[in-house]
Amino acid sequence: MEENLPITDTLPESIAEQEKIWYGIGETAEALGVPASTLRFWEKEFDMIKPRKNKKGDRFYSKNDIAILRTVQYLTKVKGYTIQGAKIAIKTNFMKEAETANIVNTLTQIRNKLLEIKALLK
């Protein structure tokens with residue numbers, strides 16, 4: 001599944017623009033707008049999310065992990081899927097769900113930029 005991910009398409013803007021390979025749990029959580037505890041929970045529930053851990057147990061996420069997390073976030077927070085429903089959706093049609101998450105993410109970013117412009121024009 002990982003080699004077919006539309007990696008940069010499903011990443012938050014703050015992550016996609018960086019050249020790093022690994023992202024700490026704090027910056028990943030901030031980029032996705034969820035608490036770190038949510039990422040740890042999703043890691044337990046979705047076996048395809050496998051962050052690298054150092055000797056201290058600190059988690060480091062790859063861009064592939066973050067793309068999967070973005071899709072899980074879209075399914076659970078935006079579409080209202082249960083964890084079980086999100087698991088089924090990802091297993092049956094991950095690419096479609098990832099592309100949809102990307103479209104929603106892009107539209108949200110465009111909306112936010114337009115709101116910023118509107119505020120400047122007032």
# chains A, B, ... in the order shown; residues from 1 in each chain; ligands from 1

call {"tool": "residues_around", "arguments": {"residues": "Gly26 (chain A)", "least_positions_apart": "5", "cutoff": "9 Å", "atoms": "only C-alpha atoms", "output": "list of chain:residue names"}}
result
A:Ala31, A:Pro35, A:Ala36

call {"tool": "select_by_dssp", "arguments": {"residues": "region 26-75 of chain A", "states": "strand (DSSP E or B)", "output": "PyMOL selection string"}}
result
chain A and resi 52-53+59-61

call {"tool": "residues_around", "arguments": {"residues": "Pro51 (chain A)", "least_positions_apart": "3", "cutoff": "6 Å", "atoms": "only C-alpha atoms", "output": "list of chain:residue names"}}
result
A:Arg59, A:Phe60, A:Tyr61

call {"tool": "closest_residue", "arguments": {"among": "A:Lys113, A:Arg70, A:Lys53, A:Lys96", "to": "Leu32 (chain A)", "atoms": "only C-alpha atoms"}}
result
A:Arg70
